[in-house]
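Colleague: What follows is the file protein.txt, containing compact mmCIF, N, CA and C atoms and all ligand atoms:
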```txt
# COMPACT_ATOMS: atom_id res chain seq x y z
N MET E 1460 11.91 10.33 -26.81
CA MET E 1460 11.14 9.47 -25.89
C MET E 1460 12.10 8.66 -25.03
N MET E 1461 13.01 7.97 -25.69
CA MET E 1461 13.95 7.13 -24.96
C MET E 1461 14.84 7.96 -24.04
N SER E 1462 15.35 9.08 -24.56
CA SER E 1462 16.25 9.88 -23.74
C SER E 1462 15.49 10.49 -22.58
N LYS E 1463 14.23 10.81 -22.80
CA LYS E 1463 13.39 11.36 -21.73
C LYS E 1463 13.29 10.34 -20.59
N GLU E 1464 13.09 9.09 -20.97
CA GLU E 1464 12.93 8.05 -19.96
C GLU E 1464 14.19 7.87 -19.12
N LEU E 1465 15.31 8.05 -19.78
CA LEU E 1465 16.56 7.79 -19.07
C LEU E 1465 17.05 8.97 -18.26
N GLN E 1466 16.35 10.06 -18.38
CA GLN E 1466 16.80 11.21 -17.63
C GLN E 1466 16.02 11.37 -16.33
N SER E 1467 16.70 11.88 -15.36
CA SER E 1467 16.06 12.06 -14.07
C SER E 1467 15.46 13.45 -14.00
N LYS E 1468 14.27 13.51 -13.47
CA LYS E 1468 13.69 14.83 -13.20
C LYS E 1468 13.30 14.82 -11.72
N GLN E 1469 12.54 15.76 -11.33
CA GLN E 1469 12.03 15.86 -9.96
C GLN E 1469 13.13 16.06 -8.92
N VAL E 1470 14.07 15.17 -8.88
CA VAL E 1470 15.08 15.23 -7.83
C VAL E 1470 16.12 16.30 -8.18
N THR E 1471 16.37 17.19 -7.23
CA THR E 1471 17.38 18.24 -7.47
C THR E 1471 18.77 17.62 -7.41
N PRO E 1472 19.67 18.09 -8.27
CA PRO E 1472 21.02 17.51 -8.30
C PRO E 1472 21.70 17.56 -6.94
N TYR E 1473 22.48 16.57 -6.71
CA TYR E 1473 23.20 16.45 -5.44
C TYR E 1473 24.35 17.46 -5.40
N GLU E 1474 24.47 18.13 -4.27
CA GLU E 1474 25.58 19.08 -4.14
C GLU E 1474 26.54 18.60 -3.07
N PRO E 1475 27.65 18.01 -3.53
CA PRO E 1475 28.59 17.46 -2.54
C PRO E 1475 29.30 18.57 -1.76
N LYS E 1476 29.48 18.34 -0.49
CA LYS E 1476 30.28 19.27 0.31
C LYS E 1476 31.74 19.05 -0.07
N SER E 1477 32.57 20.05 0.17
CA SER E 1477 33.97 19.90 -0.26
C SER E 1477 34.64 18.79 0.55
N GLY E 1478 35.40 17.99 -0.15
CA GLY E 1478 36.11 16.88 0.49
C GLY E 1478 35.23 15.69 0.82
N GLU E 1479 34.01 15.74 0.32
CA GLU E 1479 33.09 14.64 0.60
C GLU E 1479 33.52 13.38 -0.14
N GLU E 1480 33.36 12.26 0.51
CA GLU E 1480 33.77 10.99 -0.08
C GLU E 1480 32.82 10.60 -1.21
N TYR E 1481 33.39 10.11 -2.30
CA TYR E 1481 32.58 9.67 -3.44
C TYR E 1481 31.73 8.45 -3.05
N MET E 1482 30.46 8.52 -3.41
CA MET E 1482 29.50 7.45 -3.12
C MET E 1482 29.41 7.12 -1.62
N ASN E 1483 29.37 8.17 -0.84
CA ASN E 1483 29.08 7.97 0.59
C ASN E 1483 27.58 7.68 0.74
N PRO E 1484 27.12 7.30 1.92
CA PRO E 1484 25.71 6.91 2.07
C PRO E 1484 24.71 7.98 1.57
N ASP E 1485 25.04 9.25 1.75
CA ASP E 1485 24.13 10.31 1.27
C ASP E 1485 24.00 10.30 -0.25
N GLN E 1486 25.11 10.12 -0.90
CA GLN E 1486 25.09 10.09 -2.37
C GLN E 1486 24.36 8.85 -2.87
N LEU E 1487 24.63 7.73 -2.23
CA LEU E 1487 23.95 6.49 -2.63
C LEU E 1487 22.44 6.63 -2.47
N LEU E 1488 22.03 7.27 -1.38
CA LEU E 1488 20.61 7.47 -1.13
C LEU E 1488 20.00 8.38 -2.19
N HIS E 1489 20.74 9.40 -2.56
CA HIS E 1489 20.28 10.33 -3.58
C HIS E 1489 20.00 9.59 -4.90
N PHE E 1490 20.94 8.76 -5.32
CA PHE E 1490 20.77 8.05 -6.59
C PHE E 1490 19.71 6.95 -6.48
N ARG E 1491 19.59 6.39 -5.31
CA ARG E 1491 18.54 5.39 -5.12
C ARG E 1491 17.17 6.04 -5.33
N LYS E 1492 17.01 7.26 -4.77
CA LYS E 1492 15.74 7.98 -4.93
C LYS E 1492 15.45 8.24 -6.41
N ILE E 1493 16.46 8.67 -7.14
CA ILE E 1493 16.28 8.94 -8.57
C ILE E 1493 15.85 7.67 -9.30
N LEU E 1494 16.58 6.58 -9.04
CA LEU E 1494 16.32 5.33 -9.76
C LEU E 1494 14.96 4.76 -9.40
N GLU E 1495 14.59 4.87 -8.13
CA GLU E 1495 13.27 4.36 -7.75
C GLU E 1495 12.16 5.21 -8.36
N GLY E 1496 12.42 6.51 -8.46
CA GLY E 1496 11.46 7.40 -9.12
C GLY E 1496 11.27 7.01 -10.58
N MET E 1497 12.37 6.70 -11.26
CA MET E 1497 12.30 6.30 -12.66
C MET E 1497 11.51 5.01 -12.82
N LYS E 1498 11.73 4.11 -11.88
CA LYS E 1498 11.06 2.82 -11.93
C LYS E 1498 9.55 2.98 -11.77
N ILE E 1499 9.15 3.79 -10.80
CA ILE E 1499 7.73 4.03 -10.57
C ILE E 1499 7.10 4.66 -11.81
N GLU E 1500 7.80 5.62 -12.37
CA GLU E 1500 7.29 6.30 -13.56
C GLU E 1500 7.08 5.32 -14.72
N LEU E 1501 8.06 4.45 -14.93
CA LEU E 1501 7.96 3.46 -16.01
C LEU E 1501 6.81 2.49 -15.77
N SER E 1502 6.66 2.04 -14.52
CA SER E 1502 5.58 1.11 -14.21
C SER E 1502 4.23 1.75 -14.47
N GLN E 1503 4.12 3.03 -14.12
CA GLN E 1503 2.86 3.74 -14.36
C GLN E 1503 2.59 3.86 -15.84
N GLU E 1504 3.64 4.12 -16.60
CA GLU E 1504 3.49 4.23 -18.05
C GLU E 1504 3.00 2.90 -18.64
N ILE E 1505 3.54 1.81 -18.15
CA ILE E 1505 3.12 0.50 -18.64
C ILE E 1505 1.65 0.25 -18.30
N ASP E 1506 1.28 0.54 -17.06
CA ASP E 1506 -0.11 0.37 -16.64
C ASP E 1506 -1.07 1.17 -17.51
N ARG E 1507 -0.70 2.42 -17.72
CA ARG E 1507 -1.54 3.32 -18.50
C ARG E 1507 -1.72 2.77 -19.91
N ALA E 1508 -0.63 2.33 -20.51
CA ALA E 1508 -0.67 1.84 -21.88
C ALA E 1508 -1.51 0.57 -21.99
N VAL E 1509 -1.41 -0.29 -20.99
CA VAL E 1509 -2.20 -1.53 -21.01
C VAL E 1509 -3.68 -1.18 -20.98
N HIS E 1510 -4.05 -0.22 -20.15
CA HIS E 1510 -5.46 0.19 -20.09
C HIS E 1510 -5.93 0.81 -21.39
N THR E 1511 -5.07 1.64 -21.99
CA THR E 1511 -5.43 2.26 -23.26
C THR E 1511 -5.66 1.19 -24.31
N MET E 1512 -4.79 0.18 -24.33
CA MET E 1512 -4.92 -0.88 -25.33
C MET E 1512 -6.23 -1.65 -25.14
N GLN E 1513 -6.58 -1.87 -23.87
CA GLN E 1513 -7.83 -2.59 -23.60
C GLN E 1513 -9.03 -1.76 -24.04
N ASP E 1514 -8.95 -0.44 -23.78
CA ASP E 1514 -10.04 0.45 -24.18
C ASP E 1514 -10.19 0.51 -25.69
N GLU E 1515 -9.07 0.47 -26.38
CA GLU E 1515 -9.08 0.66 -27.82
C GLU E 1515 -9.28 -0.63 -28.59
N ALA E 1516 -9.46 -1.70 -27.87
CA ALA E 1516 -9.55 -3.01 -28.53
C ALA E 1516 -10.91 -3.22 -29.20
N THR E 1517 -11.36 -2.20 -29.88
CA THR E 1517 -12.60 -2.32 -30.65
C THR E 1517 -12.26 -2.87 -32.02
N VAL E 1518 -13.20 -3.55 -32.62
CA VAL E 1518 -12.95 -4.10 -33.95
C VAL E 1518 -13.48 -3.12 -34.99
N PHE E 1519 -12.58 -2.66 -35.83
CA PHE E 1519 -12.99 -1.73 -36.89
C PHE E 1519 -13.53 -2.52 -38.07
N ALA E 1520 -14.55 -1.96 -38.72
CA ALA E 1520 -15.12 -2.60 -39.90
C ALA E 1520 -14.19 -2.46 -41.10
N ASP E 1521 -13.57 -1.28 -41.19
CA ASP E 1521 -12.66 -0.99 -42.31
C ASP E 1521 -11.33 -1.72 -42.12
N PRO E 1522 -10.94 -2.56 -43.10
CA PRO E 1522 -9.67 -3.30 -42.97
C PRO E 1522 -8.45 -2.38 -42.83
N ASN E 1523 -8.52 -1.20 -43.42
CA ASN E 1523 -7.40 -0.25 -43.26
C ASN E 1523 -7.26 0.20 -41.82
N ASP E 1524 -8.39 0.48 -41.20
CA ASP E 1524 -8.36 0.86 -39.79
C ASP E 1524 -7.80 -0.28 -38.96
N ARG E 1525 -8.23 -1.48 -39.34
CA ARG E 1525 -7.80 -2.65 -38.60
C ARG E 1525 -6.29 -2.84 -38.70
N ALA E 1526 -5.78 -2.63 -39.90
CA ALA E 1526 -4.34 -2.79 -40.13
C ALA E 1526 -3.56 -1.76 -39.31
N SER E 1527 -4.02 -0.53 -39.31
CA SER E 1527 -3.26 0.49 -38.59
C SER E 1527 -3.40 0.27 -37.08
N GLN E 1528 -4.53 -0.25 -36.67
CA GLN E 1528 -4.69 -0.57 -35.25
C GLN E 1528 -3.71 -1.67 -34.85
N GLU E 1529 -3.56 -2.66 -35.73
CA GLU E 1529 -2.64 -3.75 -35.42
C GLU E 1529 -1.20 -3.27 -35.34
N SER E 1530 -0.81 -2.38 -36.25
CA SER E 1530 0.58 -1.91 -36.19
C SER E 1530 0.78 -1.00 -34.97
N ASP E 1531 -0.25 -0.26 -34.61
CA ASP E 1531 -0.17 0.52 -33.37
C ASP E 1531 0.11 -0.39 -32.18
N MET E 1532 -0.60 -1.48 -32.15
CA MET E 1532 -0.47 -2.42 -31.03
C MET E 1532 0.91 -3.05 -31.01
N THR E 1533 1.38 -3.42 -32.19
CA THR E 1533 2.72 -4.01 -32.27
C THR E 1533 3.75 -3.03 -31.72
N LEU E 1534 3.60 -1.78 -32.11
CA LEU E 1534 4.51 -0.73 -31.64
C LEU E 1534 4.39 -0.58 -30.12
N GLU E 1535 3.17 -0.57 -29.66
CA GLU E 1535 2.93 -0.47 -28.22
C GLU E 1535 3.60 -1.60 -27.46
N LEU E 1536 3.42 -2.80 -27.97
CA LEU E 1536 4.01 -3.97 -27.31
C LEU E 1536 5.52 -3.89 -27.31
N ARG E 1537 6.07 -3.39 -28.40
CA ARG E 1537 7.52 -3.25 -28.47
C ARG E 1537 8.00 -2.23 -27.43
N ASN E 1538 7.25 -1.13 -27.31
CA ASN E 1538 7.59 -0.13 -26.30
C ASN E 1538 7.53 -0.72 -24.89
N ARG E 1539 6.49 -1.49 -24.66
CA ARG E 1539 6.33 -2.10 -23.33
C ARG E 1539 7.50 -3.01 -23.02
N ASP E 1540 7.90 -3.77 -24.03
CA ASP E 1540 9.01 -4.69 -23.87
C ASP E 1540 10.27 -3.92 -23.49
N ARG E 1541 10.50 -2.80 -24.17
CA ARG E 1541 11.66 -1.98 -23.90
C ARG E 1541 11.59 -1.41 -22.48
N GLU E 1542 10.39 -0.98 -22.09
CA GLU E 1542 10.24 -0.42 -20.74
C GLU E 1542 10.48 -1.48 -19.67
N ARG E 1543 10.00 -2.69 -19.93
CA ARG E 1543 10.24 -3.77 -18.96
C ARG E 1543 11.71 -4.06 -18.82
N LYS E 1544 12.41 -4.06 -19.94
CA LYS E 1544 13.86 -4.29 -19.90
C LYS E 1544 14.56 -3.20 -19.12
N LEU E 1545 14.07 -1.98 -19.31
CA LEU E 1545 14.66 -0.84 -18.62
C LEU E 1545 14.43 -0.96 -17.11
N ILE E 1546 13.25 -1.40 -16.74
CA ILE E 1546 12.96 -1.61 -15.32
C ILE E 1546 13.90 -2.67 -14.74
N LYS E 1547 14.14 -3.71 -15.52
CA LYS E 1547 15.05 -4.76 -15.07
C LYS E 1547 16.45 -4.19 -14.86
N LYS E 1548 16.85 -3.33 -15.78
CA LYS E 1548 18.17 -2.71 -15.68
C LYS E 1548 18.23 -1.83 -14.43
N ILE E 1549 17.18 -1.06 -14.20
CA ILE E 1549 17.14 -0.19 -13.02
C ILE E 1549 17.24 -1.03 -11.75
N ASP E 1550 16.53 -2.15 -11.74
CA ASP E 1550 16.62 -3.06 -10.57
C ASP E 1550 18.04 -3.54 -10.32
N GLU E 1551 18.71 -3.89 -11.41
CA GLU E 1551 20.10 -4.33 -11.29
C GLU E 1551 20.97 -3.23 -10.71
N ILE E 1552 20.70 -2.01 -11.16
CA ILE E 1552 21.52 -0.89 -10.70
C ILE E 1552 21.22 -0.56 -9.24
N ILE E 1553 19.96 -0.68 -8.85
CA ILE E 1553 19.63 -0.49 -7.43
C ILE E 1553 20.35 -1.56 -6.60
N GLY E 1554 20.47 -2.76 -7.15
CA GLY E 1554 21.24 -3.81 -6.50
C GLY E 1554 22.70 -3.42 -6.28
N LYS E 1555 23.24 -2.67 -7.24
CA LYS E 1555 24.62 -2.18 -7.11
C LYS E 1555 24.72 -1.16 -5.98
N ILE E 1556 23.65 -0.39 -5.80
CA ILE E 1556 23.65 0.58 -4.69
C ILE E 1556 23.69 -0.21 -3.37
N ASP E 1557 22.88 -1.26 -3.31
CA ASP E 1557 22.85 -2.09 -2.09
C ASP E 1557 24.22 -2.68 -1.77
N SER E 1558 24.91 -3.12 -2.81
CA SER E 1558 26.21 -3.73 -2.57
C SER E 1558 27.35 -2.71 -2.65
N GLU E 1559 26.96 -1.43 -2.72
CA GLU E 1559 27.92 -0.30 -2.75
C GLU E 1559 28.91 -0.38 -3.90
N GLU E 1560 28.45 -0.90 -5.02
CA GLU E 1560 29.29 -0.93 -6.22
C GLU E 1560 28.88 0.18 -7.18
N TYR E 1561 27.84 0.87 -6.83
CA TYR E 1561 27.28 1.88 -7.73
C TYR E 1561 28.26 3.04 -7.94
N GLY E 1562 28.30 3.54 -9.17
CA GLY E 1562 29.09 4.75 -9.45
C GLY E 1562 30.48 4.47 -9.97
N TYR E 1563 30.82 3.20 -10.12
CA TYR E 1563 32.14 2.85 -10.66
C TYR E 1563 31.98 2.15 -12.00
N CYS E 1564 32.92 2.42 -12.90
CA CYS E 1564 32.87 1.87 -14.24
C CYS E 1564 32.99 0.34 -14.20
N GLU E 1565 32.07 -0.32 -14.89
CA GLU E 1565 32.08 -1.79 -14.92
C GLU E 1565 33.28 -2.33 -15.68
N SER E 1566 33.82 -1.51 -16.56
CA SER E 1566 34.90 -2.00 -17.40
C SER E 1566 36.28 -1.72 -16.80
N CYS E 1567 36.53 -0.47 -16.35
CA CYS E 1567 37.87 -0.16 -15.87
C CYS E 1567 37.91 0.19 -14.38
N GLY E 1568 36.75 0.33 -13.77
CA GLY E 1568 36.71 0.53 -12.33
C GLY E 1568 36.86 1.95 -11.81
N VAL E 1569 37.04 2.92 -12.69
CA VAL E 1569 37.17 4.30 -12.21
C VAL E 1569 35.80 4.87 -11.79
N GLU E 1570 35.86 5.98 -11.07
CA GLU E 1570 34.61 6.64 -10.68
C GLU E 1570 33.92 7.20 -11.92
N ILE E 1571 32.66 6.91 -12.06
CA ILE E 1571 31.92 7.43 -13.22
C ILE E 1571 31.71 8.93 -13.06
N GLY E 1572 31.55 9.36 -11.84
CA GLY E 1572 31.43 10.80 -11.58
C GLY E 1572 30.00 11.24 -11.35
N LEU E 1573 29.84 12.16 -10.40
CA LEU E 1573 28.49 12.61 -10.03
C LEU E 1573 27.78 13.28 -11.20
N LYS E 1574 28.52 14.09 -11.95
CA LYS E 1574 27.89 14.85 -13.02
C LYS E 1574 27.29 13.93 -14.08
N ARG E 1575 28.07 12.92 -14.46
CA ARG E 1575 27.59 11.98 -15.48
C ARG E 1575 26.41 11.15 -14.94
N LEU E 1576 26.50 10.75 -13.70
CA LEU E 1576 25.43 9.94 -13.13
C LEU E 1576 24.15 10.76 -12.93
N GLU E 1577 24.34 12.03 -12.66
CA GLU E 1577 23.19 12.91 -12.51
C GLU E 1577 22.40 12.97 -13.81
N ALA E 1578 23.12 13.05 -14.92
CA ALA E 1578 22.48 13.11 -16.24
C ALA E 1578 21.99 11.73 -16.67
N ARG E 1579 22.75 10.69 -16.29
CA ARG E 1579 22.40 9.32 -16.67
C ARG E 1579 22.56 8.39 -15.49
N PRO E 1580 21.56 8.36 -14.64
CA PRO E 1580 21.70 7.55 -13.41
C PRO E 1580 21.89 6.06 -13.69
N THR E 1581 21.56 5.63 -14.91
CA THR E 1581 21.70 4.21 -15.23
C THR E 1581 23.05 3.90 -15.89
N ALA E 1582 23.94 4.88 -15.96
CA ALA E 1582 25.24 4.64 -16.58
C ALA E 1582 26.05 3.63 -15.77
N THR E 1583 26.64 2.67 -16.46
CA THR E 1583 27.49 1.70 -15.77
C THR E 1583 28.92 1.74 -16.29
N LEU E 1584 29.16 2.63 -17.25
CA LEU E 1584 30.51 2.78 -17.80
C LEU E 1584 30.94 4.24 -17.66
N CYS E 1585 32.23 4.46 -17.47
CA CYS E 1585 32.75 5.82 -17.46
C CYS E 1585 32.69 6.34 -18.90
N ILE E 1586 32.86 7.64 -19.03
CA ILE E 1586 32.69 8.24 -20.36
C ILE E 1586 33.71 7.70 -21.37
N ASP E 1587 34.94 7.43 -20.91
CA ASP E 1587 35.96 6.90 -21.82
C ASP E 1587 35.59 5.50 -22.34
N CYS E 1588 35.20 4.65 -21.43
CA CYS E 1588 34.82 3.28 -21.83
C CYS E 1588 33.58 3.30 -22.70
N LYS E 1589 32.66 4.22 -22.37
CA LYS E 1589 31.43 4.34 -23.15
C LYS E 1589 31.76 4.76 -24.58
N THR E 1590 32.65 5.71 -24.71
CA THR E 1590 33.05 6.19 -26.04
C THR E 1590 33.70 5.07 -26.84
N LEU E 1591 34.61 4.34 -26.19
CA LEU E 1591 35.27 3.20 -26.84
C LEU E 1591 34.25 2.16 -27.29
N ASP E 1592 33.31 1.90 -26.39
CA ASP E 1592 32.26 0.93 -26.65
C ASP E 1592 31.45 1.31 -27.89
N GLU E 1593 31.10 2.60 -27.96
CA GLU E 1593 30.32 3.08 -29.09
C GLU E 1593 31.11 3.00 -30.39
N MET E 1594 32.41 3.30 -30.30
CA MET E 1594 33.25 3.20 -31.49
C MET E 1594 33.31 1.76 -31.98
N ARG E 1595 33.43 0.84 -31.04
CA ARG E 1595 33.50 -0.57 -31.38
C ARG E 1595 32.19 -1.02 -32.02
N GLU E 1596 31.08 -0.58 -31.44
CA GLU E 1596 29.77 -0.93 -31.98
C GLU E 1596 29.61 -0.45 -33.41
N LYS E 1597 30.08 0.77 -33.65
CA LYS E 1597 29.99 1.34 -35.00
C LYS E 1597 30.80 0.51 -35.98
N GLN E 1598 31.97 0.05 -35.54
CA GLN E 1598 32.82 -0.74 -36.43
C GLN E 1598 32.17 -2.07 -36.76
N ILE E 1599 31.53 -2.66 -35.79
CA ILE E 1599 30.85 -3.93 -36.02
C ILE E 1599 29.68 -3.72 -37.00
N ALA E 1600 29.00 -2.61 -36.83
CA ALA E 1600 27.85 -2.32 -37.68
C ALA E 1600 28.23 -2.13 -39.15
N LYS E 1601 29.49 -1.71 -39.38
CA LYS E 1601 29.91 -1.41 -40.76
C LYS E 1601 30.10 -2.62 -41.64
ZN ZN S 1 35.84 2.93 -17.64
```
Using the file provided, produce a representation of the structure as structure tokens.
Modeller:
Amino acid sequence: MMSKELQSKQVTPYEPKSGEEYMNPDQLLHFRKILEGMKIELSQEIDRAVHTMQDEATVFADPNDRASQESDMTLELRNRDRERKLIKKIDEIIGKIDSEEYGYCESCGVEIGLKRLEARPTATLCIDCKTLDEMREKQIAK
């Protein structure tokens, strides 16, 4: 579910011409389209879920039904919260496109690369920094 949300569909991958400058206006526009598409999709998902919750807000006579309904709702709310955070992140990244900072690693400044961004348009770290980051996280978790 989560990985599905973070992946871009619909938009065909960008094919750079040879010698094309990294993150030129065409490339920035391409990624802006992907990110805006993701944002619209997430907003629609939130809307849909809110309506479903309102429709399902019936009171069950059976306490077991009631309990499972409540945990469903808690889960739903948690998902919504995550989606809202993701939308916020996408907004921040669109802001980077506006300021032409998009596509560079936040940690070391190298080009993240078209291929990686195509798979993960919300990536803000290059693959090396990301790997280091994950290793560090694992060590903290231990
Ligand atoms: Zn880096």
Colleague: Please, which residues have at least one atom within 6 Å of an atom of ligand ZN 1 (chain S), using only N, CA and C atoms and all ligand atoms, listed as a list in words?
Modeller: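 Checking only N, CA and C atoms and all ligand atoms against ligand ZN 1 (chain S) at 6 Å gives Cys1564, Glu1565, Ser1566, Cys1567, Gly1568, Val1569, Leu1584, Cys1585, Ile1586, Asp1587, Cys1588 and Lys1589 of chain E.
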Colleague: Using only C-alpha atoms, which protein or nucleic acid residues come within 8 Å of Lys1548 in chain E? Drop anything in the same chain fewer than 4 positions from it, and give the result as a PyMOL selection string.
Modeller: chain E and resi 1544+1552+1581
Colleague: Suppose you want the space between atom C of Asp1506 in chain E and CA of Pro1472 in chain E; what is it in Å?
Modeller: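 About the pair atom C of Asp1506 in chain E and CA of Pro1472 in chain E: they are 29.0 Å apart.
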Colleague: Between CA of Ala1508 in chain E and CA of Ile1493 in chain E, what is the spacing in Å?
Modeller: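 Going from CA of Ile1493 in chain E over to CA of Ala1508 in chain E covers 22.7 Å.
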Colleague: Using CA of Tyr1561 in chain E and CA of Glu1504 in chain E as the two end points, give the distance in Å to one decimal.
Modeller: 26.0 Å
Colleague: Which of range 1512-1560 of chain E end up as helix (DSSP H, G or I) when DSSP is run on this backbone - answer as an NGL selection string?
Modeller: :E and (1512-1514 or 1522-1557)
Colleague: Pick out the closest residue to Ala1578 in chain E from this set: E:Thr1471, E:Ala1520, E:Leu1501, E:Leu1591. Count only C-alpha atoms.
Modeller: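 Smallest distance to Ala1578 in chain E is found for E:Thr1471.
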Colleague: With distances taken over all atoms listed in the file, which residue among E:Arg1579, E:His1510, E:Arg1541, E:His1489 lies nearest Tyr1473 in chain E?
Modeller: E:His1489
Colleague: Do you know which residues are at most 12 Å from Asp1531 in chain E counting only C-alpha atoms, after dropping those on the same chain fewer than 4 positions away, and could you put them as an MDAnalysis selection string?
Modeller: chainID E and resid 1508 1511:1512 1515:1516 1524:1527 1535:1538
